[in-house]
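Source file: input-v3.cif. Holds: mmCIF, C-alpha atoms and all ligand atoms.
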```cif
data_input
loop_
_atom_site.label_atom_id
_atom_site.label_comp_id
_atom_site.auth_asym_id
_atom_site.auth_seq_id
_atom_site.Cartn_x
_atom_site.Cartn_y
_atom_site.Cartn_z
CA MET A 1 -8.00 12.56 -7.86
CA PHE A 2 -8.06 9.91 -10.57
CA GLU A 3 -10.98 9.87 -13.00
CA THR A 4 -11.70 6.22 -13.70
CA SER A 5 -10.85 3.04 -11.86
CA GLU A 6 -11.97 -0.50 -12.38
CA PHE A 7 -11.28 -3.79 -10.67
CA ILE A 8 -9.67 -6.09 -13.22
CA THR A 9 -8.79 -9.33 -11.47
CA SER A 10 -7.47 -11.14 -8.42
CA ALA A 11 -4.34 -13.23 -8.73
CA VAL A 12 -2.28 -15.57 -6.60
CA LYS A 13 0.33 -16.44 -9.24
CA LYS A 14 1.99 -14.66 -12.12
CA GLU A 15 0.07 -16.52 -14.84
CA GLN A 16 -3.00 -14.69 -13.53
CA TYR A 17 -1.52 -11.20 -13.63
CA PRO A 18 -3.57 -9.11 -16.06
CA ASN A 19 -1.11 -6.51 -17.26
CA HIS A 20 -0.10 -7.89 -20.68
CA GLN A 21 0.18 -4.36 -22.10
CA HIS A 22 3.02 -3.69 -19.62
CA LEU A 23 1.45 -0.58 -18.18
CA PRO A 24 3.14 0.91 -15.10
CA GLU A 25 2.13 -0.57 -11.74
CA PHE A 26 2.03 0.74 -8.19
CA VAL A 27 1.75 -1.73 -5.33
CA PHE A 28 0.42 -0.89 -1.87
CA MET A 29 2.10 -2.93 0.84
CA GLY A 30 2.02 -2.97 4.61
CA ARG A 31 0.73 -4.78 7.62
CA SER A 32 -2.87 -5.85 7.95
CA ASN A 33 -5.25 -3.03 8.79
CA VAL A 34 -2.73 -0.26 8.04
CA GLY A 35 -5.07 1.18 5.40
CA LYS A 36 -3.89 -0.09 1.99
CA SER A 37 -7.35 -0.73 0.53
CA SER A 38 -8.70 2.50 2.03
CA LEU A 39 -5.91 4.52 0.43
CA ILE A 40 -6.63 3.00 -2.99
CA ASN A 41 -10.32 3.83 -2.57
CA ALA A 42 -9.55 7.40 -1.50
CA LEU A 43 -7.25 7.99 -4.48
CA CYS A 44 -9.97 6.70 -6.78
CA GLN A 45 -12.80 8.40 -4.88
CA LYS A 46 -14.73 5.15 -4.66
CA LYS A 47 -15.81 3.76 -1.33
CA LEU A 48 -16.16 0.18 -2.49
CA LEU A 49 -13.45 -0.36 -5.09
CA ALA A 50 -11.07 -2.24 -2.80
CA LYS A 51 -12.62 -4.11 0.12
CA VAL A 52 -12.06 -2.49 3.50
CA SER A 53 -12.72 -3.98 6.91
CA SER A 54 -12.21 -3.23 10.57
CA LYS A 55 -11.05 -6.83 10.87
CA PRO A 56 -7.47 -7.40 9.67
CA GLY A 57 -6.89 -9.84 6.83
CA LYS A 58 -9.59 -8.55 4.50
CA THR A 59 -7.46 -8.60 1.36
CA ILE A 60 -6.31 -12.17 0.68
CA THR A 61 -5.20 -12.09 -2.96
CA LEU A 62 -3.30 -9.66 -5.18
CA ASN A 63 -5.99 -7.38 -6.60
CA PHE A 64 -5.36 -5.40 -9.78
CA PHE A 65 -7.17 -2.14 -10.50
CA LEU A 66 -6.82 -0.30 -13.80
CA ILE A 67 -6.66 3.45 -13.25
CA ASP A 68 -7.47 5.97 -15.98
CA LYS A 69 -6.68 3.18 -18.46
CA GLN A 70 -3.02 4.11 -17.98
CA PHE A 71 -1.63 2.24 -15.00
CA TYR A 72 -2.45 -0.35 -12.34
CA PHE A 73 -2.83 -0.20 -8.59
CA VAL A 74 -2.09 -3.52 -6.93
CA ASP A 75 -3.64 -4.19 -3.53
CA VAL A 76 -1.96 -7.03 -1.63
CA PRO A 77 -2.70 -8.94 1.56
CA GLY A 78 -1.32 -7.40 4.72
CA TYR A 79 1.34 -9.05 6.86
CA GLY A 80 1.83 -9.30 10.60
CA TYR A 81 -1.68 -10.40 11.38
CA ALA A 82 -1.29 -12.64 14.45
CA VAL A 83 -4.39 -14.78 13.85
CA GLN A 84 -3.29 -15.72 10.33
CA SER A 85 -2.62 -19.44 10.05
CA LYS A 86 0.84 -20.67 9.19
CA VAL A 87 -0.39 -21.67 5.73
CA GLU A 88 -1.78 -18.19 5.11
CA ARG A 89 1.51 -16.65 6.19
CA LEU A 90 3.46 -18.95 3.86
CA ASN A 91 1.08 -18.14 1.00
CA PHE A 92 1.46 -14.44 1.68
CA GLY A 93 5.24 -14.78 1.38
CA LYS A 94 4.91 -16.69 -1.88
CA TYR A 95 2.49 -14.27 -3.54
CA ILE A 96 4.52 -11.24 -2.61
CA GLU A 97 7.89 -12.73 -3.44
CA GLU A 98 6.66 -13.89 -6.83
CA TYR A 99 5.20 -10.46 -7.50
CA LEU A 100 8.37 -8.65 -6.48
CA THR A 101 10.62 -10.94 -8.50
CA HIS A 102 8.56 -10.12 -11.62
CA HIS A 103 8.39 -6.40 -11.09
CA GLU A 104 9.44 -5.11 -14.51
CA ASN A 105 6.24 -3.01 -14.67
CA LEU A 106 6.49 -1.78 -11.09
CA LYS A 107 7.09 1.98 -10.77
CA TYR A 108 6.79 2.27 -7.02
CA ALA A 109 6.02 0.15 -4.02
CA PHE A 110 4.15 2.22 -1.48
CA LEU A 111 5.10 0.86 1.93
CA LEU A 112 2.37 1.93 4.32
CA VAL A 113 3.27 2.54 7.95
CA ASP A 114 0.87 3.62 10.70
CA THR A 115 1.68 7.25 11.65
CA LYS A 116 0.90 6.72 15.31
CA VAL A 117 2.45 3.27 15.77
CA GLY A 118 5.49 3.89 13.56
CA PRO A 119 7.37 1.16 11.69
CA THR A 120 7.00 -2.29 13.27
CA LYS A 121 9.64 -5.03 13.04
CA ASP A 122 7.72 -6.47 10.10
CA ASP A 123 7.67 -3.08 8.36
CA LEU A 124 11.45 -2.80 8.72
CA LEU A 125 11.87 -6.33 7.33
CA MET A 126 9.59 -5.45 4.40
CA TYR A 127 11.56 -2.27 3.72
CA ASP A 128 14.83 -4.26 3.66
CA TYR A 129 13.20 -6.82 1.41
CA LEU A 130 12.13 -4.10 -1.06
CA GLN A 131 15.64 -2.63 -1.00
CA TYR A 132 17.07 -6.09 -1.61
CA PHE A 133 14.85 -6.51 -4.70
CA LYS A 134 15.79 -2.96 -5.79
CA VAL A 135 12.16 -1.88 -5.87
CA PRO A 136 11.75 1.91 -5.86
CA THR A 137 9.90 2.52 -2.63
CA TYR A 138 7.88 5.35 -1.10
CA VAL A 139 7.12 5.20 2.62
CA VAL A 140 3.55 6.36 3.16
CA SER A 141 2.42 6.94 6.72
CA THR A 142 -1.32 6.42 7.19
CA LYS A 143 -4.13 7.49 9.54
CA SER A 144 -2.36 10.75 10.46
CA ASP A 145 -5.75 11.97 11.76
CA LYS A 146 -5.15 9.73 14.78
CA VAL A 147 -2.25 11.92 15.91
CA GLY A 148 -2.70 15.48 17.16
CA THR A 149 -1.45 18.13 14.71
CA THR A 150 1.22 19.35 17.15
CA LYS A 151 2.64 15.83 17.40
CA LEU A 152 2.75 15.04 13.67
CA HIS A 153 6.29 16.33 13.30
CA GLN A 154 7.51 14.09 16.14
CA HIS A 155 5.90 11.06 14.54
CA LYS A 156 7.45 11.84 11.17
CA LYS A 157 10.85 12.13 12.84
CA MET A 158 10.36 8.85 14.69
CA ILE A 159 9.45 7.05 11.43
CA LEU A 160 12.38 8.52 9.50
CA GLU A 161 14.82 7.58 12.27
CA LYS A 162 13.83 3.95 11.71
CA ILE A 163 13.57 4.18 7.92
CA PRO A 164 15.87 6.92 6.64
CA THR A 165 14.52 7.97 3.25
CA ASP A 166 13.76 11.07 1.14
CA HIS A 167 10.72 9.27 -0.19
CA PHE A 168 8.25 9.86 2.59
CA ILE A 169 4.71 11.17 2.66
CA MET A 170 2.14 11.43 5.46
CA THR A 171 -1.53 10.72 4.66
CA SER A 172 -5.01 10.30 6.04
CA THR A 173 -8.02 9.10 4.10
CA MET A 174 -10.21 10.74 6.75
CA THR A 175 -8.83 14.28 6.36
CA LYS A 176 -7.45 13.69 2.81
CA LYS A 177 -4.05 14.88 3.99
CA GLY A 178 -1.31 13.97 1.52
CA LEU A 179 -3.64 12.50 -1.11
CA GLU A 180 -3.07 15.22 -3.70
CA GLU A 181 0.68 14.98 -3.08
CA LEU A 182 0.58 11.21 -3.51
CA LYS A 183 -1.34 11.62 -6.75
CA ASN A 184 1.36 13.98 -8.01
CA ILE A 185 4.11 11.53 -7.06
CA ILE A 186 2.31 8.93 -9.17
CA LEU A 187 1.77 11.26 -12.13
CA GLU A 188 5.35 12.55 -12.08
CA SER A 189 6.74 9.02 -12.07
CA LEU A 190 4.80 8.36 -15.28
CA SER A 191 6.17 11.29 -17.24
N1 LIG B 201 -8.79 6.97 11.35
C1 LIG B 201 -8.51 6.43 10.16
N2 LIG B 201 -8.84 5.15 9.90
C2 LIG B 201 -8.52 4.63 8.69
C3 LIG B 201 -7.81 5.41 7.72
N3 LIG B 201 -7.60 4.62 6.63
C4 LIG B 201 -8.16 3.43 6.92
N4 LIG B 201 -8.72 3.42 8.15
C5 LIG B 201 -9.43 2.29 8.79
O1 LIG B 201 -8.53 1.22 9.04
C6 LIG B 201 -9.18 -0.05 8.89
C7 LIG B 201 -8.40 -0.94 7.92
O2 LIG B 201 -8.40 -0.37 6.62
P1 LIG B 201 -8.10 -1.24 5.30
O3 LIG B 201 -8.00 -0.26 4.20
O4 LIG B 201 -9.05 -2.37 5.17
O5 LIG B 201 -6.65 -1.83 5.66
P2 LIG B 201 -5.77 -2.84 4.78
O6 LIG B 201 -4.35 -2.42 4.97
O7 LIG B 201 -6.27 -2.92 3.39
O8 LIG B 201 -6.00 -4.23 5.56
P3 LIG B 201 -5.86 -5.76 4.99
O9 LIG B 201 -6.64 -5.86 3.73
O10 LIG B 201 -6.44 -6.57 6.12
O11 LIG B 201 -4.40 -6.03 4.83
C8 LIG B 201 -10.60 0.26 8.41
O12 LIG B 201 -11.44 0.20 9.52
C9 LIG B 201 -10.48 1.69 7.87
O13 LIG B 201 -11.69 2.39 7.96
C10 LIG B 201 -7.48 6.77 8.04
O14 LIG B 201 -6.86 7.53 7.27
N5 LIG B 201 -7.84 7.22 9.28
MG MG B 202 -6.91 -4.52 2.26
#
```
Write out the structure in this file as structure tokens.
Ligand SMILES: Nc1nc2c(ncn2[C@@H]2O[C@H](COP(=O)(O)OP(=O)(O)OP(=O)(O)O)[C@@H](O)[C@H]2O)c(=O)[nH]1
Ligand SMILES: [Mg+2]
Amino acid sequence: MFETSEFITSAVKKEQYPNHQHLPEFVFMGRSNVGKSSLINALCQKKLLAKVSSKPGKTITLNFFLIDKQFYFVDVPGYGYAVQSKVERLNFGKYIEEYLTHHENLKYAFLLVDTKVGPTKDDLLMYDYLQYFKVPTYVVSTKSDKVGTTKLHQHKKMILEKIPTDHFIMTSTMTKKGLEELKNIILESLS
């Protein structure tokens, strides 16, 4: 996995983005509780780098992490959390839209989808949104440990029927499935 990782800053508008050196960025998107912060922690082998919670809505700002002094991971608030207030939902839209419309440093958006649940309506909207903004996107299914090994193939098929893409990878931070592969996707995109 990656060697060094450090939290740099939280931001809610572009003036606060830290990356003045224009290093490559990778953003982790997806609905609340899908496992964005956990995946960042697993890739960095730090339990407490990005805040994780069993309650949805833990991440409320864009959080920038500098990895191996070479690129950034960006952790963003999740969407589709029913208890979010209207104001929070509006803010979420603003943060994300502003980030995606200034994505000159963005190498990949990782769109996280729950392996067991499959893509929700919100996930499909987010995928369309990323396509619309021409953001290179990788669909990352999470928590594969929650599905029996014999059923994994079925779940992959179900996800790809809803989001047809060659850029798909299945992961679990519990079993570490797919983490090495995801690391290689990141490293190859840098070379
Ligand atoms: N079984 C299992 N649980 C996981 C996995 N990854 C994350 N979780 C759990 O899912 C819950 C949510 O994880 P987070 O990483 O906080 O999710 P998030 O997408 O960052 O959520 P928000 O910040 O609210 O948008 C936590 O209880 C994690 O422990 C996994 O691979 N397998
Ligand atoms: Mg989070």
Using only C-alpha atoms, can you tell me which of A:Cys44, A:Ile169, A:Leu106, A:Leu62 comes closest to Lys13 of chain A?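 Closest residue, counting only C-alpha atoms: A:Leu62.
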If I take atom CA of Lys162 of chain A and atom CA of Tyr95 of chain A, how far is one from the other in Å, to one decimal?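 Atom CA of Tyr95 of chain A lies 26.3 Å from atom CA of Lys162 of chain A.
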Given 10 Å and all atoms listed in the file, residues near ligand LIG 201 (chain B) as a PyMOL selection string: chain A and resi 28-42+50-61+75-81+112-115+141-147+170-177
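Nearest residue to ligand MG 202 (chain B), choosing from A:Leu179, A:Ile8, A:Leu48, A:Ile67 and counting all atoms listed in the file: A:Leu48.
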Within 10 Å of His167 of chain A using all atoms listed in the file, minus same-chain residues under 6 positions, as a list in words: Phe110, Pro136, Thr137, Tyr138, Val139, Val140, Leu160 and Ile185 of chain A
Given the selection you just returned, output its residues as a file containing C-alpha atoms, formatted as an mmCIF file, in the coordinates of the input.
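And here is the file that came out, result_8.cif:
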```
data_model
loop_
_atom_site.group_PDB
_atom_site.id
_atom_site.type_symbol
_atom_site.label_atom_id
_atom_site.label_comp_id
_atom_site.auth_asym_id
_atom_site.auth_seq_id
_atom_site.Cartn_x
_atom_site.Cartn_y
_atom_site.Cartn_z
ATOM 1 C CA PHE A 110 4.150 2.220 -1.480
ATOM 2 C CA PRO A 136 11.750 1.910 -5.860
ATOM 3 C CA THR A 137 9.900 2.520 -2.630
ATOM 4 C CA TYR A 138 7.880 5.350 -1.100
ATOM 5 C CA VAL A 139 7.120 5.200 2.620
ATOM 6 C CA VAL A 140 3.550 6.360 3.160
ATOM 7 C CA LEU A 160 12.380 8.520 9.500
ATOM 8 C CA ILE A 185 4.110 11.530 -7.060
#
```
To one decimal place, how far is atom CA of Asp68 of chain A from atom CA of Thr4 of chain A in Å? 4.8 Å
List the neighbours of Ile163 of chain A out to 9 Å using only C-alpha atoms; skip same-chain residues closer than 5 positions along the sequence, and give me the result as a ChimeraX atom specification. /A:119,124,127,139,158
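Taking atom CA of Pro18 of chain A and atom CA of Phe2 of chain A as endpoints, the distance between them is 20.3 Å.
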Nearest-residue call for ligand MG 202 (chain B), choices A:Asn105, A:Lys69, A:His20, A:Leu49, using only C-alpha atoms and all ligand atoms: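 Result for the nearest residue to ligand MG 202 (chain B): A:Leu49.
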I'd like the contact shell of Thr9 of chain A - 8 Å cut-off, only C-alpha atoms, skipping same-chain residues fewer than 3 positions apart - returned as a PyMOL selection string. chain A and resi 17-18+63-65
Using all atoms listed in the file: which of A:Lys107, A:Ile159, A:Val74, A:Lys94 has the shortest distance to ligand MG 202 (chain B): A:Val74
Choose the residue, out of A:Leu43, A:Leu130, A:Val27, A:Leu111, that has the smallest atom-to-atom separation from Lys183 of chain A; count all atoms listed in the file.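 Looking only at the distances to Lys183 of chain A, the closest residue turns out to be A:Leu43.
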For Ser5 of chain A, the nearest of the candidates A:Phe71, A:Tyr99, A:Tyr132, A:Phe168, counting all atoms listed in the file: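 Nearest to Ser5 of chain A: A:Phe71.
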